[in-house]
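What follows is a short report on a single structure.
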Amino acid sequence: MDVVTSLPAPGQKRLGLVIDLDICVGCHACAVNCKEWNTGGHGAPLADIDAYGARPEGTWLNRIHTFEVTPKDAPAQIVHFPKSCLHCQDAPCVTVCPTGASYKRAEDGIVLVEEDRCIGCGLCAWACPYGAREMDPVARVMKKCTLCIDRIYNEHLPQIDRVPACVRTCPAHARHFGDLGDPDSEVSRKVAARGGYDLMPQAGTRPVNKYLPPRPKTRPDRPAPQLPQAEAGEATGFLGWLDRALERLG
Amino acid sequence: MHPAVSVILFTVTSGAGFGAIALIGAGYPLRDHPLAVLLTAMAAGGLAVAGLVASTFHLGHPERAWRAFSQWRSSWLSREGVLAVAALVGFGLHTLARLFTDWPVAGIGWAVSALSLATIFSTAMIYAQLRTVPHWHSALTPAAYLGFGLASGFLLVAAAGNVSALGGVSVALIAMALVVPAWAVKIAWWQRAASATLAARDMTAESATGLGAIGRVRLLERPHSGANYLTREMVHRIGRKHAGKLRVAAIAIGAMLPTLIAALVAWLQLETVFLLAGFVAMMAGLFVERWLFFAEASHSVSLYYD
Ligand code: SF4
Ligand code: SF4
């Protein structure tokens with residue numbers, strides 16, 4: 001097989017995630033379900049070391065960071081920030097791989113590792129700007145998000161389960177899965193409507209996954225954002241009388 | 001970045017080995033005795049091979065290392081492997097031909113020389129290609145690797161060689177003329193590194209999270225309380241505190257000592273074999289330099305963990 005870690009010609013279909021930072025509550029359910037599904041799924045299990053000891057650690061394909069954001073003129077706010085592979089269009093992790101283990105699928109843009117070819121050199125993890133790849137300490141091969149390739153095309157699963165485990169499990173519906181190459185897909189429309197953005201565009205990776213920013217907060221020191229209201233003209237008749245009567249009551 | 005011993009050994013020793021092979025291939029006059037030729041070739045080839053073997057120690061699956069020869073079209077690591085093997089095979093043939101035949105070896109020698117330099121260049125490009133590590137992402141990185149490989153290789157070959165002068169110039173002086181500029185490039189590299197920060201490339205917690213439009217961004221909580229592969233490999237902080245002192249040590253041992261030794265050899269017209277002391281000193285200095293190369297480098301993933 002002639003697997004070449006050059007990137008494939010860009011395809012039309014670009015499967016990926018849209019993560020809504022306005023909604024994520026930081027419960028880690030997506031990460032837990034990701035670990036649960038993927039430790040028994042595609043490739044080697046996701047190892048844990050010293051799981052019940054003093055210094056537990058292990059391999060995760062999705063991790064939830066928590067940031068504090070402080071506007072210039074308002075109190076700080078907390079943003080929970082899930083992060084997994086962004087299935088970049090210009091994926092540097094693929095082109096650096098010496099063995100062809102890392103590759104990007106032409107048909108749907110998913111970036112995968114063929115574990116039997118991986119020599120565990122770690123260079124792809126060095127090339128990824130986002131920390132989306134982790135070397136498994138037991139299998140000693142590179143692990144990363146597969147976009148649950150073994151769910152999304154799995155005809156043995158009911159239709160509702162043919163999405164990545166993280167998307168299926170998120171109790172807040174902060175995660176969405178779809179084709180970001182199709183401008184009319186639900187995910188693309190969300191991105192357009194909410195100003196979805198790329199992480200660290202300076203890295204030149206052109207991620208497929210997009211993040212939706214937190215919506216603006218109401219501020220105690222400013223008038224609350226006004227909801228559009230029906231024009232309130234001077235009322236007449238009975239309602240006008242009632243209005244004036246209530247006014248007088250103070 | 002985590003300064004793994006295997007990778008430090010790999011880059012320093014294979015650099016010196018391929019530097020020496022490049023010079024022998026280009027026809028540096030060795031002693032006439034076949035045993036001397038063989039021993040010199042074994043020293044140069046041995047360094048190169050030792051470096052390559054060391055590099056396999058940090059692989060998760062060294063038994064699959066042969067697969068790394070396949071992706072030379074896109075991967076610098078793969079190119080490095082292919083070129084290294086080609087250079088070593090060529091060098092072996094070159095050495096055998098010159099020992100046991102009277103065939104002309106100049107042609108293959110030059111090819112071996114070019115392949116060796118290309119190997120050093122590819123080694124450097126494994127690091128220089130990474131936009132995630134701004135310290136490394138510079139043309140000065142391959143320049144420094146090539147300079148160091150040639151200078152350290154020259155000290156070794158000149159110590160083993162047959163001549164005290166090349167084209168009328170003392171080989172000790174030539175050694176100085178290689179060691180000093182190599183370190184000058186490294187000092188330029190350090191100067192550039194001082195301003196080649198993540199922030200200077202607009203890689204900040206704000207751009208990493210995309211939350212900069214709202215305000216200043218600070219990590220409140222890491223995903224897990226324990227360490228992970230990323231924090232150990234890339235969010236490594238050890239030794240930056242002593243970086244200044246270690247740079248001075250690297251320059252004193254790796255630059256000033258070999259220069260001084262070469263100056264003494266030139267001035268007192270000593271046997272060139274004394275340059276071997278300069279070679280040992282330079283290698284020691286390069287180990288310190290290479291440790292810093294990794295330990296001081298920041299990776300953009302640290303923006304999600306610090
Ligand atoms: S997020 Fe990292 S691992 Fe995933 S495709 Fe992009 S560079 Fe590769
Ligand atoms: S760790 Fe495996 S997948 Fe990553 S670059 Fe090395 S061989 Fe390729």
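The chains in the structure tokens are called A, B, ... from first to last as shown; in each chain the residues are counted from 1, and the ligands are counted from 1 in the order shown.
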
TODO: Using only C-alpha atoms and all ligand atoms, determine which residues fall within 9 Å of ligand 1, then list them as number ranges by chain.
DONE: A: 83-94, 102, 104, 110-112, 124-125, 127-133, 144-145, 205-209

Compile the residues of chain B that lie within 6 Å of chain A, evaluated using only C-alpha atoms, and express the compilation as a compact mmCIF listing (two decimals) with C-alpha atoms, in the first residue's frame.
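In the end it all went to out-v1.txt:
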# COMPACT_ATOMS: atom_id res chain seq x y z
CA LEU B 59 10.95 5.54 19.66
CA GLY B 60 7.95 3.74 21.04
CA HIS B 61 8.44 0.97 18.48
CA ARG B 64 9.35 -0.66 13.10
CA ARG B 67 9.07 2.16 8.06
CA ALA B 68 10.54 5.63 8.51
CA SER B 70 9.00 5.50 3.24
CA GLN B 71 7.76 9.10 3.46
CA SER B 74 6.91 14.92 2.68
CA SER B 75 8.77 14.21 5.91
CA LEU B 77 12.55 12.83 9.48
CA SER B 78 12.11 10.29 6.72
CA LEU B 130 8.11 23.21 13.31
CA THR B 132 4.94 25.35 16.86
CA SER B 207 -5.38 33.51 20.17
CA ALA B 208 -5.08 29.90 21.34
CA THR B 209 -8.59 30.05 22.79
CA GLY B 210 -9.95 32.72 20.45
CA ILE B 214 -13.61 39.46 25.09
CA GLY B 215 -10.62 40.25 27.24
CA ARG B 216 -7.43 39.02 28.86
CA VAL B 217 -7.25 35.21 29.04
CA ARG B 218 -5.72 33.20 31.85
CA LEU B 219 -5.78 29.45 32.47
CA LEU B 220 -7.85 28.75 35.55
CA GLU B 221 -7.76 24.98 35.61
CA ARG B 222 -5.88 22.34 33.69
CA PRO B 223 -8.04 19.51 32.34
CA GLY B 226 -2.07 14.96 36.97
CA TYR B 229 2.32 13.23 27.73
CA SER B 300 2.57 26.54 21.55
CA VAL B 301 0.76 23.78 23.45

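CA of Ala160 in chain B is positioned 8.9 Å from CA of Leu39 in chain B.
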
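A straight line drawn from CA of Ser302 in chain B to CA of Arg131 in chain B is 13.9 Å long.
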
In range 7-183 of chain A, DSSP strand (DSSP E or B) residues written as a PDB file with N, CA and C atoms, in the first residue's frame:
ATOM      1  N   LEU A  15     -15.728  16.747   7.511  1.00  0.00           N
ATOM      2  CA  LEU A  15     -16.440  16.443   8.749  1.00  0.00           C
ATOM      3  C   LEU A  15     -15.693  17.033   9.940  1.00  0.00           C
ATOM      4  N   GLY A  16     -16.448  17.553  10.866  1.00  0.00           N
ATOM      5  CA  GLY A  16     -15.807  18.126  12.047  1.00  0.00           C
ATOM      6  C   GLY A  16     -16.821  18.511  13.096  1.00  0.00           C
ATOM      7  N   LEU A  17     -16.306  19.159  14.138  1.00  0.00           N
ATOM      8  CA  LEU A  17     -17.128  19.533  15.290  1.00  0.00           C
ATOM      9  C   LEU A  17     -17.262  21.042  15.358  1.00  0.00           C
ATOM     10  N   VAL A  18     -18.386  21.462  15.894  1.00  0.00           N
ATOM     11  CA  VAL A  18     -18.575  22.857  16.252  1.00  0.00           C
ATOM     12  C   VAL A  18     -18.872  22.871  17.746  1.00  0.00           C
ATOM     13  N   ILE A  19     -18.066  23.621  18.486  1.00  0.00           N
ATOM     14  CA  ILE A  19     -18.165  23.593  19.951  1.00  0.00           C
ATOM     15  C   ILE A  19     -18.606  24.967  20.439  1.00  0.00           C
ATOM     16  N   ASP A  20     -19.689  24.952  21.171  1.00  0.00           N
ATOM     17  CA  ASP A  20     -20.314  26.207  21.592  1.00  0.00           C
ATOM     18  C   ASP A  20     -19.825  26.567  22.996  1.00  0.00           C
ATOM     19  N   ASP A  48      -4.390   3.986  31.183  1.00  0.00           N
ATOM     20  CA  ASP A  48      -4.234   4.791  32.385  1.00  0.00           C
ATOM     21  C   ASP A  48      -3.083   4.210  33.180  1.00  0.00           C
ATOM     22  N   ILE A  49      -2.357   5.108  33.832  1.00  0.00           N
ATOM     23  CA  ILE A  49      -1.225   4.658  34.643  1.00  0.00           C
ATOM     24  C   ILE A  49      -1.506   5.107  36.067  1.00  0.00           C
ATOM     25  N   GLU A  57      -2.564   9.230  35.732  1.00  0.00           N
ATOM     26  CA  GLU A  57      -2.547   9.940  34.467  1.00  0.00           C
ATOM     27  C   GLU A  57      -2.860   8.962  33.360  1.00  0.00           C
ATOM     28  N   GLY A  58      -3.185   9.487  32.207  1.00  0.00           N
ATOM     29  CA  GLY A  58      -3.516   8.589  31.118  1.00  0.00           C
ATOM     30  C   GLY A  58      -3.684   9.332  29.815  1.00  0.00           C
ATOM     31  N   ASN A  62      -9.682  13.974  24.260  1.00  0.00           N
ATOM     32  CA  ASN A  62     -10.459  15.200  24.410  1.00  0.00           C
ATOM     33  C   ASN A  62     -10.240  15.636  25.845  1.00  0.00           C
ATOM     34  N   ARG A  63      -9.878  16.891  26.031  1.00  0.00           N
ATOM     35  CA  ARG A  63      -9.662  17.379  27.398  1.00  0.00           C
ATOM     36  C   ARG A  63     -10.340  18.729  27.537  1.00  0.00           C
ATOM     37  N   ILE A  64     -10.848  19.002  28.730  1.00  0.00           N
ATOM     38  CA  ILE A  64     -11.574  20.242  28.941  1.00  0.00           C
ATOM     39  C   ILE A  64     -10.755  21.167  29.833  1.00  0.00           C
ATOM     40  N   HIS A  65     -10.286  22.237  29.249  1.00  0.00           N
ATOM     41  CA  HIS A  65      -9.527  23.244  29.976  1.00  0.00           C
ATOM     42  C   HIS A  65     -10.519  24.310  30.474  1.00  0.00           C
ATOM     43  N   THR A  66     -10.137  25.042  31.501  1.00  0.00           N
ATOM     44  CA  THR A  66     -11.018  26.104  31.978  1.00  0.00           C
ATOM     45  C   THR A  66     -10.230  27.406  32.041  1.00  0.00           C
ATOM     46  N   PHE A  67     -10.755  28.413  31.346  1.00  0.00           N
ATOM     47  CA  PHE A  67     -10.066  29.699  31.288  1.00  0.00           C
ATOM     48  C   PHE A  67     -10.882  30.778  31.983  1.00  0.00           C
ATOM     49  N   GLU A  68     -10.153  31.773  32.433  1.00  0.00           N
ATOM     50  CA  GLU A  68     -10.790  32.958  32.991  1.00  0.00           C
ATOM     51  C   GLU A  68     -10.536  34.091  31.991  1.00  0.00           C
ATOM     52  N   VAL A  69     -11.586  34.789  31.603  1.00  0.00           N
ATOM     53  CA  VAL A  69     -11.439  35.886  30.653  1.00  0.00           C
ATOM     54  C   VAL A  69     -11.860  37.172  31.353  1.00  0.00           C
ATOM     55  N   THR A  70     -10.985  38.156  31.321  1.00  0.00           N
ATOM     56  CA  THR A  70     -11.278  39.412  32.014  1.00  0.00           C
ATOM     57  C   THR A  70     -11.387  40.551  31.016  1.00  0.00           C
ATOM     58  N   GLN A  77     -14.981  36.410  33.610  1.00  0.00           N
ATOM     59  CA  GLN A  77     -15.941  35.338  33.387  1.00  0.00           C
ATOM     60  C   GLN A  77     -15.193  34.042  33.137  1.00  0.00           C
ATOM     61  N   ILE A  78     -15.870  32.926  33.373  1.00  0.00           N
ATOM     62  CA  ILE A  78     -15.245  31.618  33.220  1.00  0.00           C
ATOM     63  C   ILE A  78     -15.708  31.008  31.902  1.00  0.00           C
ATOM     64  N   VAL A  79     -14.750  30.451  31.156  1.00  0.00           N
ATOM     65  CA  VAL A  79     -15.110  29.766  29.919  1.00  0.00           C
ATOM     66  C   VAL A  79     -14.518  28.358  29.959  1.00  0.00           C
ATOM     67  N   HIS A  80     -15.376  27.377  29.879  1.00  0.00           N
ATOM     68  CA  HIS A  80     -14.919  25.983  29.783  1.00  0.00           C
ATOM     69  C   HIS A  80     -14.617  25.701  28.330  1.00  0.00           C
ATOM     70  N   PHE A  81     -13.530  25.006  28.103  1.00  0.00           N
ATOM     71  CA  PHE A  81     -12.945  24.971  26.767  1.00  0.00           C
ATOM     72  C   PHE A  81     -12.533  23.545  26.406  1.00  0.00           C
ATOM     73  N   PRO A  82     -13.433  22.773  25.797  1.00  0.00           N
ATOM     74  CA  PRO A  82     -13.067  21.412  25.388  1.00  0.00           C
ATOM     75  C   PRO A  82     -12.165  21.468  24.155  1.00  0.00           C
ATOM     76  N   LYS A  83     -11.189  20.582  24.115  1.00  0.00           N
ATOM     77  CA  LYS A  83     -10.264  20.617  22.980  1.00  0.00           C
ATOM     78  C   LYS A  83      -9.880  19.197  22.572  1.00  0.00           C
ATOM     79  N   SER A  84     -10.036  18.934  21.290  1.00  0.00           N
ATOM     80  CA  SER A  84      -9.614  17.657  20.714  1.00  0.00           C
ATOM     81  C   SER A  84      -9.058  17.980  19.332  1.00  0.00           C
ATOM     82  N   SER A 102       0.409   8.558  10.007  1.00  0.00           N
ATOM     83  CA  SER A 102      -0.524   9.681  10.120  1.00  0.00           C
ATOM     84  C   SER A 102      -1.016  10.040   8.737  1.00  0.00           C
ATOM     85  N   TYR A 103      -2.318  10.106   8.586  1.00  0.00           N
ATOM     86  CA  TYR A 103      -2.819  10.475   7.267  1.00  0.00           C
ATOM     87  C   TYR A 103      -4.151  11.195   7.391  1.00  0.00           C
ATOM     88  N   LYS A 104      -4.478  11.892   6.320  1.00  0.00           N
ATOM     89  CA  LYS A 104      -5.748  12.607   6.255  1.00  0.00           C
ATOM     90  C   LYS A 104      -6.563  11.992   5.147  1.00  0.00           C
ATOM     91  N   VAL A 111      -8.521  13.067  10.096  1.00  0.00           N
ATOM     92  CA  VAL A 111      -7.093  12.780  10.284  1.00  0.00           C
ATOM     93  C   VAL A 111      -6.975  11.590  11.235  1.00  0.00           C
ATOM     94  N   LEU A 112      -6.265  10.569  10.785  1.00  0.00           N
ATOM     95  CA  LEU A 112      -6.180   9.322  11.559  1.00  0.00           C
ATOM     96  C   LEU A 112      -4.731   8.861  11.701  1.00  0.00           C
ATOM     97  N   VAL A 113      -4.514   7.928  12.628  1.00  0.00           N
ATOM     98  CA  VAL A 113      -3.222   7.263  12.772  1.00  0.00           C
ATOM     99  C   VAL A 113      -3.435   5.775  12.537  1.00  0.00           C
ATOM    100  N   ARG A 133      -2.601  15.460  20.187  1.00  0.00           N
ATOM    101  CA  ARG A 133      -2.118  14.084  20.032  1.00  0.00           C
ATOM    102  C   ARG A 133      -1.368  13.681  21.279  1.00  0.00           C
ATOM    103  N   GLU A 134      -1.617  12.486  21.753  1.00  0.00           N
ATOM    104  CA  GLU A 134      -0.920  11.997  22.935  1.00  0.00           C
ATOM    105  C   GLU A 134      -0.406  10.590  22.670  1.00  0.00           C
ATOM    106  N   MET A 135       0.842  10.371  23.085  1.00  0.00           N
ATOM    107  CA  MET A 135       1.431   9.040  22.927  1.00  0.00           C
ATOM    108  C   MET A 135       0.899   8.141  24.036  1.00  0.00           C
ATOM    109  N   MET A 142       0.836   6.672  18.750  1.00  0.00           N
ATOM    110  CA  MET A 142       0.185   7.958  18.884  1.00  0.00           C
ATOM    111  C   MET A 142      -1.325   7.794  18.837  1.00  0.00           C
ATOM    112  N   LYS A 143      -2.002   8.457  19.791  1.00  0.00           N
ATOM    113  CA  LYS A 143      -3.463   8.404  19.844  1.00  0.00           C
ATOM    114  C   LYS A 143      -4.016   9.793  19.559  1.00  0.00           C
ATOM    115  N   LYS A 144      -5.145   9.813  18.913  1.00  0.00           N
ATOM    116  CA  LYS A 144      -5.810  11.083  18.656  1.00  0.00           C
ATOM    117  C   LYS A 144      -7.277  10.843  18.355  1.00  0.00           C
ATOM    118  N   ARG A 175     -22.061  20.627  21.739  1.00  0.00           N
ATOM    119  CA  ARG A 175     -21.207  20.063  20.689  1.00  0.00           C
ATOM    120  C   ARG A 175     -22.066  19.635  19.505  1.00  0.00           C
ATOM    121  N   HIS A 176     -21.605  19.971  18.318  1.00  0.00           N
ATOM    122  CA  HIS A 176     -22.350  19.656  17.104  1.00  0.00           C
ATOM    123  C   HIS A 176     -21.406  19.023  16.109  1.00  0.00           C
ATOM    124  N   PHE A 177     -21.944  18.077  15.353  1.00  0.00           N
ATOM    125  CA  PHE A 177     -21.134  17.336  14.385  1.00  0.00           C
ATOM    126  C   PHE A 177     -21.753  17.488  13.002  1.00  0.00           C
ATOM    127  N   GLY A 178     -20.930  17.672  11.997  1.00  0.00           N
ATOM    128  CA  GLY A 178     -21.484  17.748  10.650  1.00  0.00           C
ATOM    129  C   GLY A 178     -20.418  18.047   9.620  1.00  0.00           C
ATOM    130  N   ASP A 179     -20.868  18.380   8.425  1.00  0.00           N
ATOM    131  CA  ASP A 179     -19.986  18.627   7.288  1.00  0.00           C
ATOM    132  C   ASP A 179     -19.752  20.124   7.153  1.00  0.00           C
TER     133      ASP A 179
END

Open item on the list: List as a PyMOL selection string the protein and nucleic acid residues near Gly81 in chain B, meaning an atom at most 12 Å away when only C-alpha atoms are counted, but skip any in the same chain fewer than 6 places from it.
Closed with: (chain A and resi 98-99) or (chain B and resi 14+48-49+51-53+55-56+65-72+75+87-88+115-116+118-123+126)

- [ ] Please measure the separation of CA of Tyr304 in chain B and CA of Leu246 in chain B, giving the value in Å to one decimal.
- [x] 28.4 Å

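Restricting the calculation to only C-alpha atoms and all ligand atoms, the smallest distance between ligand 2 and any of A:Asp22, A:Ala106, A:Glu115, A:Ala165 is found for A:Glu115.
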
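Closest approach to ligand 2 among A:Glu114, A:Ala9, A:Gly53, A:Arg219 is made by A:Glu114 (distances from only C-alpha atoms and all ligand atoms).
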
TODO: Can you check which residues of range 1-249 of chain A DSSP gives as alpha helix (DSSP H) on the backbone and send them as a ChimeraX atom specification?
DONE: /A:29-38,92-95,123-127,149-152,165-169,186-194,237-249

Using only C-alpha atoms, which protein or nucleic acid residues come within 10 Å of Ala128 in chain B? Drop anything in the same chain fewer than 4 positions from it, and give the result as a short mmCIF file (atom, residue, chain, number, x, y, z; two decimals) with all heavy atoms, in the first residue's frame.
data_model
loop_
_atom_site.label_atom_id
_atom_site.label_comp_id
_atom_site.auth_asym_id
_atom_site.auth_seq_id
_atom_site.Cartn_x
_atom_site.Cartn_y
_atom_site.Cartn_z
N TRP B 76 10.71 15.41 6.75
CA TRP B 76 12.15 15.63 6.94
C TRP B 76 12.77 14.49 7.75
O TRP B 76 13.93 14.14 7.55
CB TRP B 76 12.41 16.98 7.63
CG TRP B 76 12.34 18.11 6.66
CD1 TRP B 76 11.34 19.06 6.59
CD2 TRP B 76 13.28 18.44 5.63
NE1 TRP B 76 11.61 19.93 5.56
CE2 TRP B 76 12.79 19.60 4.96
CE3 TRP B 76 14.48 17.89 5.20
CZ2 TRP B 76 13.46 20.19 3.90
CZ3 TRP B 76 15.14 18.49 4.13
CH2 TRP B 76 14.63 19.62 3.50
N PHE B 121 21.71 18.62 7.25
CA PHE B 121 20.67 19.62 6.96
C PHE B 121 19.28 19.07 7.31
O PHE B 121 18.48 19.74 7.95
CB PHE B 121 20.77 20.01 5.48
CG PHE B 121 19.75 21.03 5.07
CD1 PHE B 121 19.92 22.37 5.40
CD2 PHE B 121 18.62 20.66 4.37
CE1 PHE B 121 18.98 23.32 5.02
CE2 PHE B 121 17.67 21.60 3.98
CZ PHE B 121 17.86 22.94 4.32
N SER B 122 19.03 17.82 6.91
CA SER B 122 17.71 17.23 7.19
C SER B 122 17.49 17.06 8.68
O SER B 122 16.37 17.26 9.17
CB SER B 122 17.58 15.86 6.52
OG SER B 122 17.83 15.98 5.16
N THR B 123 18.54 16.66 9.40
CA THR B 123 18.39 16.55 10.86
C THR B 123 17.92 17.88 11.43
O THR B 123 16.99 17.95 12.23
CB THR B 123 19.75 16.19 11.51
OG1 THR B 123 20.26 15.03 10.88
CG2 THR B 123 19.60 15.94 12.99
N ALA B 124 18.57 18.95 10.98
CA ALA B 124 18.20 20.28 11.50
C ALA B 124 16.78 20.64 11.09
O ALA B 124 16.03 21.24 11.87
CB ALA B 124 19.18 21.32 10.98
N THR B 132 5.43 25.37 15.49
CA THR B 132 4.94 25.35 16.86
C THR B 132 6.02 25.74 17.87
O THR B 132 5.72 26.02 19.01
CB THR B 132 4.46 23.93 17.21
OG1 THR B 132 5.48 23.01 16.79
CG2 THR B 132 3.18 23.60 16.49
N VAL B 133 7.29 25.71 17.43
CA VAL B 133 8.40 26.03 18.32
C VAL B 133 9.19 27.18 17.69
O VAL B 133 10.11 26.95 16.91
CB VAL B 133 9.32 24.81 18.56
CG1 VAL B 133 10.40 25.13 19.59
CG2 VAL B 133 8.51 23.59 19.00
N PRO B 134 8.83 28.41 18.01
CA PRO B 134 9.42 29.57 17.31
C PRO B 134 10.94 29.63 17.43
O PRO B 134 11.60 30.08 16.49
CB PRO B 134 8.78 30.78 17.99
CG PRO B 134 7.52 30.26 18.59
CD PRO B 134 7.75 28.83 18.93
N HIS B 135 11.51 29.16 18.55
CA HIS B 135 12.98 29.17 18.66
C HIS B 135 13.63 28.42 17.51
O HIS B 135 14.68 28.81 17.01
CB HIS B 135 13.40 28.47 19.96
CG HIS B 135 13.52 29.39 21.13
ND1 HIS B 135 14.16 29.05 22.28
CD2 HIS B 135 13.07 30.65 21.32
CE1 HIS B 135 14.10 30.05 23.14
NE2 HIS B 135 13.44 31.03 22.58
N TRP B 136 13.04 27.33 17.13
CA TRP B 136 13.67 26.45 16.14
C TRP B 136 13.34 26.85 14.71
O TRP B 136 14.08 26.48 13.78
CB TRP B 136 13.19 25.00 16.34
CG TRP B 136 13.53 24.39 17.65
CD1 TRP B 136 14.41 24.88 18.58
CD2 TRP B 136 12.99 23.17 18.18
NE1 TRP B 136 14.45 24.03 19.66
CE2 TRP B 136 13.60 22.97 19.45
CE3 TRP B 136 12.09 22.22 17.71
CZ2 TRP B 136 13.31 21.86 20.25
CZ3 TRP B 136 11.81 21.12 18.51
CH2 TRP B 136 12.41 20.96 19.75
N HIS B 137 12.24 27.54 14.53
CA HIS B 137 11.69 27.76 13.18
C HIS B 137 12.44 28.88 12.48
O HIS B 137 11.95 29.99 12.30
CB HIS B 137 10.20 28.09 13.32
CG HIS B 137 9.45 28.09 12.02
ND1 HIS B 137 9.45 27.02 11.16
CD2 HIS B 137 8.68 29.03 11.43
CE1 HIS B 137 8.71 27.31 10.11
NE2 HIS B 137 8.24 28.52 10.24
N SER B 138 13.68 28.59 12.06
CA SER B 138 14.54 29.62 11.51
C SER B 138 15.61 28.97 10.64
O SER B 138 16.06 27.86 10.90
CB SER B 138 15.21 30.37 12.66
OG SER B 138 16.40 30.99 12.25
N ALA B 139 16.04 29.71 9.61
CA ALA B 139 17.12 29.22 8.76
C ALA B 139 18.43 29.11 9.54
O ALA B 139 19.35 28.39 9.14
CB ALA B 139 17.31 30.15 7.56
N LEU B 140 18.50 29.82 10.67
CA LEU B 140 19.73 29.75 11.48
C LEU B 140 19.90 28.37 12.11
O LEU B 140 21.02 27.98 12.46
CB LEU B 140 19.70 30.81 12.57
CG LEU B 140 19.92 32.25 12.11
CD1 LEU B 140 19.65 33.23 13.24
CD2 LEU B 140 21.34 32.43 11.59
N THR B 141 18.80 27.63 12.25
CA THR B 141 18.92 26.29 12.86
C THR B 141 19.74 25.35 11.96
O THR B 141 20.75 24.80 12.42
CB THR B 141 17.53 25.72 13.18
OG1 THR B 141 16.88 26.61 14.10
CG2 THR B 141 17.62 24.34 13.80
N PRO B 142 19.38 25.16 10.68
CA PRO B 142 20.27 24.33 9.84
C PRO B 142 21.66 24.94 9.69
O PRO B 142 22.65 24.19 9.61
CB PRO B 142 19.56 24.26 8.49
CG PRO B 142 18.45 25.24 8.54
CD PRO B 142 18.13 25.51 9.97
#

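Every protein, DNA or RNA residue with an atom at most 12 Å from Ile187 in chain B, where only C-alpha atoms count and chain neighbours fewer than 3 positions away do not, is listed here: Leu140, Thr141, Ala143, Ala144, Val180, Pro181, Ala182, Trp183, Ala184, Trp190, Gln191, Arg192, Ala193, Ala194, Arg247, Val248, Ala250, Ile251, Ala255 and Glu289 of chain B.
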
How about saving the chosen residues, C-alpha atoms kept, as an mmCIF file, in the first residue's frame?
data_model
loop_
_atom_site.group_PDB
_atom_site.id
_atom_site.type_symbol
_atom_site.label_atom_id
_atom_site.label_comp_id
_atom_site.auth_asym_id
_atom_site.auth_seq_id
_atom_site.Cartn_x
_atom_site.Cartn_y
_atom_site.Cartn_z
ATOM 1 C CA LEU B 140 19.725 29.748 11.475
ATOM 2 C CA THR B 141 18.918 26.293 12.857
ATOM 3 C CA ALA B 143 23.100 26.879 9.565
ATOM 4 C CA ALA B 144 24.163 26.144 13.150
ATOM 5 C CA VAL B 180 34.606 30.330 15.534
ATOM 6 C CA PRO B 181 32.036 31.038 12.770
ATOM 7 C CA ALA B 182 29.961 28.015 13.812
ATOM 8 C CA TRP B 183 29.597 29.494 17.285
ATOM 9 C CA ALA B 184 29.042 32.956 15.814
ATOM 10 C CA TRP B 190 20.477 32.819 20.555
ATOM 11 C CA GLN B 191 19.988 36.493 19.803
ATOM 12 C CA ARG B 192 17.137 35.731 17.452
ATOM 13 C CA ALA B 193 15.661 33.272 19.951
ATOM 14 C CA ALA B 194 15.430 36.019 22.561
ATOM 15 C CA ARG B 247 25.355 29.175 27.657
ATOM 16 C CA VAL B 248 28.573 30.555 29.085
ATOM 17 C CA ALA B 250 28.827 25.816 26.372
ATOM 18 C CA ILE B 251 30.842 28.630 24.808
ATOM 19 C CA ALA B 255 34.178 27.228 21.538
ATOM 20 C CA GLU B 289 24.363 23.623 23.772
#

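The residue that comes closest to ligand 2, out of B:Asp32, B:Pro62, B:Ala199, B:Ala262 and on the basis of only C-alpha atoms and all ligand atoms, is B:Pro62.
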
Open item on the list: Ranking B:Ala114, B:Ala20, B:Leu99, B:Ile8 by minimum distance to His58 in chain B and counting only C-alpha atoms, which one comes first?
Closed with: B:Ile8
